[in-house]
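First up is the structure itself, then whatever we jot down about it.
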Amino acid sequence: MSDKNKINTKIFGNDYTLVGSESKEHLLRVCNEVDDTMRKIAQDPSLKPLKISVLTAINMCNELCKTRDRLDDVMSELDACKDEVMALRSEIQALEEEKRFLKNEIQIRKNGLR
């Protein structure tokens with residue numbers, strides 16, 4: 001059994017058949033995004049289809065690059081949070097050891113007073 005999905009769709013007035021490993025819903029969403037972007041850009045009547053296609057690619061690549069930058073920022077924040085968690089765990093461990101030591105000291109002093 002194949003794990004490929006196939007859809008027929010229309011983008012900017014042209015019919016396309018797409019095959020991909022993503023879900024049909026995902027493939028349609030991508031096609032709709034491309035079609036929507038092309039139609040927005042095509043509102044300028046002076047633009048020819050090739051230029052509309054190139055500007056669409058530039059627009060979508062720009063969004064991809066910005067998303068990757070945001071992902072990099074989030075991953076850096078996640079790494080910083082992981083480091084902070086590790087430091088806090090070490091601090092908790094040290095405090096638990098100090099607590100055990102102090103409890104032991106209290107017990108020794110109580111026994112010394114009896």
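Labels for the structure tokens follow display order: chains A, B, ..., residues from 1 in each chain, ligands from 1.
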Q. Which of chain A counts as helix (DSSP H, G or I) under DSSP, as a ChimeraX atom specification please?
A. /A:24-41,49-113
Q) Contacts of Asn14 in chain A at 12 Å or less, counting only C-alpha atoms, minus same-chain residues fewer than 2 places along, as a PyMOL selection string? A) chain A and resi 8-12+16-17+31+35+38+49
Can you spit out the residues from that selection as a PDB file, in the first residue's frame, using C-alpha atoms?
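Generated file (part36.pdb):
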```pdb
ATOM      1  CA  ASN A   8      -6.422  17.554  -8.153  1.00  0.00           C
ATOM      2  CA  THR A   9      -6.613  21.280  -7.625  1.00  0.00           C
ATOM      3  CA  LYS A  10      -6.702  24.600  -9.376  1.00  0.00           C
ATOM      4  CA  ILE A  11      -4.139  27.312  -8.665  1.00  0.00           C
ATOM      5  CA  PHE A  12      -4.558  30.716 -10.277  1.00  0.00           C
ATOM      6  CA  TYR A  16      -2.660  20.663 -11.142  1.00  0.00           C
ATOM      7  CA  THR A  17      -2.365  17.119  -9.880  1.00  0.00           C
ATOM      8  CA  CYS A  31      -2.382  24.888  -2.726  1.00  0.00           C
ATOM      9  CA  ASP A  35      -3.620  30.466  -4.900  1.00  0.00           C
ATOM     10  CA  MET A  38      -1.133  34.786  -6.199  1.00  0.00           C
ATOM     11  CA  PRO A  49       1.606  35.654 -14.666  1.00  0.00           C
TER      12      PRO A  49
END
```
Q | Residues of chain A in strand (DSSP E or B), written as a ChimeraX atom specification | A | /A:5-11,14-20
Save the residues we just selected, N, CA and C atoms, as a PDB file, in the first residue's frame?
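After the write, out-v2.pdb holds the following:
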```
ATOM      1  N   ASN A   5      -0.427  10.559  -1.174  1.00  0.00           N
ATOM      2  CA  ASN A   5      -1.760  11.099  -1.417  1.00  0.00           C
ATOM      3  C   ASN A   5      -1.742  11.902  -2.701  1.00  0.00           C
ATOM      4  N   LYS A   6      -2.849  11.852  -3.408  1.00  0.00           N
ATOM      5  CA  LYS A   6      -2.951  12.535  -4.691  1.00  0.00           C
ATOM      6  C   LYS A   6      -4.180  13.433  -4.665  1.00  0.00           C
ATOM      7  N   ILE A   7      -3.982  14.687  -5.106  1.00  0.00           N
ATOM      8  CA  ILE A   7      -5.112  15.612  -5.194  1.00  0.00           C
ATOM      9  C   ILE A   7      -5.098  16.303  -6.549  1.00  0.00           C
ATOM     10  N   ASN A   8      -6.267  16.703  -6.976  1.00  0.00           N
ATOM     11  CA  ASN A   8      -6.422  17.554  -8.153  1.00  0.00           C
ATOM     12  C   ASN A   8      -6.896  18.903  -7.640  1.00  0.00           C
ATOM     13  N   THR A   9      -6.275  19.952  -8.117  1.00  0.00           N
ATOM     14  CA  THR A   9      -6.613  21.280  -7.625  1.00  0.00           C
ATOM     15  C   THR A   9      -6.398  22.303  -8.721  1.00  0.00           C
ATOM     16  N   LYS A  10      -6.858  23.494  -8.441  1.00  0.00           N
ATOM     17  CA  LYS A  10      -6.702  24.600  -9.376  1.00  0.00           C
ATOM     18  C   LYS A  10      -5.977  25.719  -8.635  1.00  0.00           C
ATOM     19  N   ILE A  11      -4.893  26.196  -9.237  1.00  0.00           N
ATOM     20  CA  ILE A  11      -4.139  27.312  -8.665  1.00  0.00           C
ATOM     21  C   ILE A  11      -4.056  28.393  -9.720  1.00  0.00           C
ATOM     22  N   ASN A  14      -5.204  27.453 -13.152  1.00  0.00           N
ATOM     23  CA  ASN A  14      -4.572  26.307 -13.820  1.00  0.00           C
ATOM     24  C   ASN A  14      -4.794  25.042 -13.001  1.00  0.00           C
ATOM     25  N   ASP A  15      -5.069  23.938 -13.707  1.00  0.00           N
ATOM     26  CA  ASP A  15      -5.279  22.653 -13.049  1.00  0.00           C
ATOM     27  C   ASP A  15      -3.950  21.971 -12.761  1.00  0.00           C
ATOM     28  N   TYR A  16      -3.863  21.383 -11.557  1.00  0.00           N
ATOM     29  CA  TYR A  16      -2.660  20.663 -11.142  1.00  0.00           C
ATOM     30  C   TYR A  16      -3.067  19.367 -10.458  1.00  0.00           C
ATOM     31  N   THR A  17      -2.254  18.357 -10.639  1.00  0.00           N
ATOM     32  CA  THR A  17      -2.365  17.119  -9.880  1.00  0.00           C
ATOM     33  C   THR A  17      -1.116  17.041  -9.024  1.00  0.00           C
ATOM     34  N   LEU A  18      -1.331  16.942  -7.723  1.00  0.00           N
ATOM     35  CA  LEU A  18      -0.198  16.886  -6.792  1.00  0.00           C
ATOM     36  C   LEU A  18      -0.191  15.548  -6.078  1.00  0.00           C
ATOM     37  N   VAL A  19       1.001  15.033  -5.855  1.00  0.00           N
ATOM     38  CA  VAL A  19       1.190  13.795  -5.119  1.00  0.00           C
ATOM     39  C   VAL A  19       2.197  14.082  -4.011  1.00  0.00           C
ATOM     40  N   GLY A  20       1.860  13.659  -2.810  1.00  0.00           N
ATOM     41  CA  GLY A  20       2.773  13.897  -1.697  1.00  0.00           C
ATOM     42  C   GLY A  20       2.489  12.965  -0.543  1.00  0.00           C
TER      43      GLY A  20
END
```
(Q) Using Å and a single decimal, report how far CA of Arg68 in chain A sits from CA of Arg39 in chain A. (A)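 Interatomic distance, CA of Arg39 in chain A to CA of Arg68 in chain A: 25.1 Å.
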Q) Nearest to Met60 in chain A: which of A:Leu78, A:Val30, A:Ala87, A:Leu47 is it, counting only C-alpha atoms? A)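 Checking each of A:Leu78, A:Val30, A:Ala87, A:Leu47 against Met60 in chain A, counting only C-alpha atoms, the winner is A:Val30.
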**Q.** Which of A:Lys48, A:Leu113, A:Leu88, A:Gly13 sits closest to Asn32 in chain A [using only C-alpha atoms]
**A.**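 Answer, going by the shortest atom-to-atom distance: A:Gly13.
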Q: Work out how far CA of Leu95 in chain A is from CA of Ile108 in chain A, in Å to one decimal.
A: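 Separating CA of Ile108 in chain A from CA of Leu95 in chain A is a distance of 19.7 Å.
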